[in-house]
Amino acid sequence: MKDIIISTQFSVFESVQELPNDIQNIMIQAVEVRKNAYAPYSKFRVGAALLLDNGKIILGSNQENAAYPSGLCAERVAVFQAGTLYPEAKILKMAITAASDTNQTSSPIPPCGACRQAIAEYEIKQDTPIEIYFMGEIGAVYKSDSLQNLLPFMFDKNYL
């Protein structure tokens, strides 16, 4: 037997104001689009903003449904929209913010497992890491240099 040790590294910014200007811009847009979330069941609103290599910014917010599996997370809304509108563009950076209608979220909230897998597909397809910045409603912002930090054993087309 042998052990596998996995190490990941994240940068921590104490607030949005500490972020580089381009990231502040997309995080502010993620906060704004978070307000468009349709979250009548969970009361948990998520906004995502992507910066593409063509300079375009793509937005997404979570959209719930009474039949829970029929809803879609903000990250996947944004990623799939980018793939639809700009199929040749690379996603350079992603900003994610989440807030609850019932209590303040002050811890950084990363993408769920399904979103991690969807982001992985695009990171692998474009053969370029995607910087991912995530936060709650207030407080610190975590930065991952690649989705691989969040999903070290990625399932991809090589297994098929």
# chains A, B, ... in the order shown; residues from 1 in each chain; ligands from 1

call {"tool": "select_by_dssp", "arguments": {"residues": "segment 13-120 of chain A", "states": "strand (DSSP E)", "output": "list in words"}}
result
Phe13, Phe44, Arg45, Val46, Gly47, Ala48, Ala49, Leu50, Leu51, Leu52, Ile57, Ile58, Leu59, Gly60, Ser61, Ile91, Leu92, Lys93, Met94, Ala95, Ile96, Thr97, Ala98, Ala99 and Ser100 of chain A

call {"tool": "closest_atom_pairs", "arguments": {"of": "segment 137-160 of chain A", "to": "segment 25-41 of chain A", "cutoff": "12 Å", "atoms": "only C-alpha atoms", "output": "JSON lines"}}
result
{"residue": "A:Glu137", "atom": "CA", "partner": "A:Val31", "partner_atom": "CA", "distance": 8.1}
{"residue": "A:Ile138", "atom": "CA", "partner": "A:Val31", "partner_atom": "CA", "distance": 10.2}
{"residue": "A:Val141", "atom": "CA", "partner": "A:Met27", "partner_atom": "CA", "distance": 9.7}
{"residue": "A:Tyr142", "atom": "CA", "partner": "A:Met27", "partner_atom": "CA", "distance": 11.8}
{"residue": "A:Lys143", "atom": "CA", "partner": "A:Met27", "partner_atom": "CA", "distance": 11.9}

call {"tool": "closest_atom_pairs", "arguments": {"of": "segment 58-80 of chain A", "to": "segment 107-126 of chain A", "cutoff": "10 Å", "atoms": "only C-alpha atoms", "output": "JSON lines"}}
result
{"residue": "A:Leu72", "atom": "CA", "partner": "A:Cys115", "partner_atom": "CA", "distance": 9.3}
{"residue": "A:Cys73", "atom": "CA", "partner": "A:Cys115", "partner_atom": "CA", "distance": 7.3}
{"residue": "A:Ala74", "atom": "CA", "partner": "A:Cys115", "partner_atom": "CA", "distance": 8.7}
{"residue": "A:Glu75", "atom": "CA", "partner": "A:Cys115", "partner_atom": "CA", "distance": 6.2}
{"residue": "A:Arg76", "atom": "CA", "partner": "A:Cys115", "partner_atom": "CA", "distance": 5.9}
{"residue": "A:Val77", "atom": "CA", "partner": "A:Cys115", "partner_atom": "CA", "distance": 9.6}
{"residue": "A:Val79", "atom": "CA", "partner": "A:Ile119", "partner_atom": "CA", "distance": 7.1}
{"residue": "A:Phe80", "atom": "CA", "partner": "A:Ala118", "partner_atom": "CA", "distance": 8.6}

call {"tool": "closest_residue", "arguments": {"among": "A:Leu59, A:Ala78, A:Val46, A:Met135", "to": "Asp101 of chain A", "atoms": "only C-alpha atoms"}}
result
A:Val46
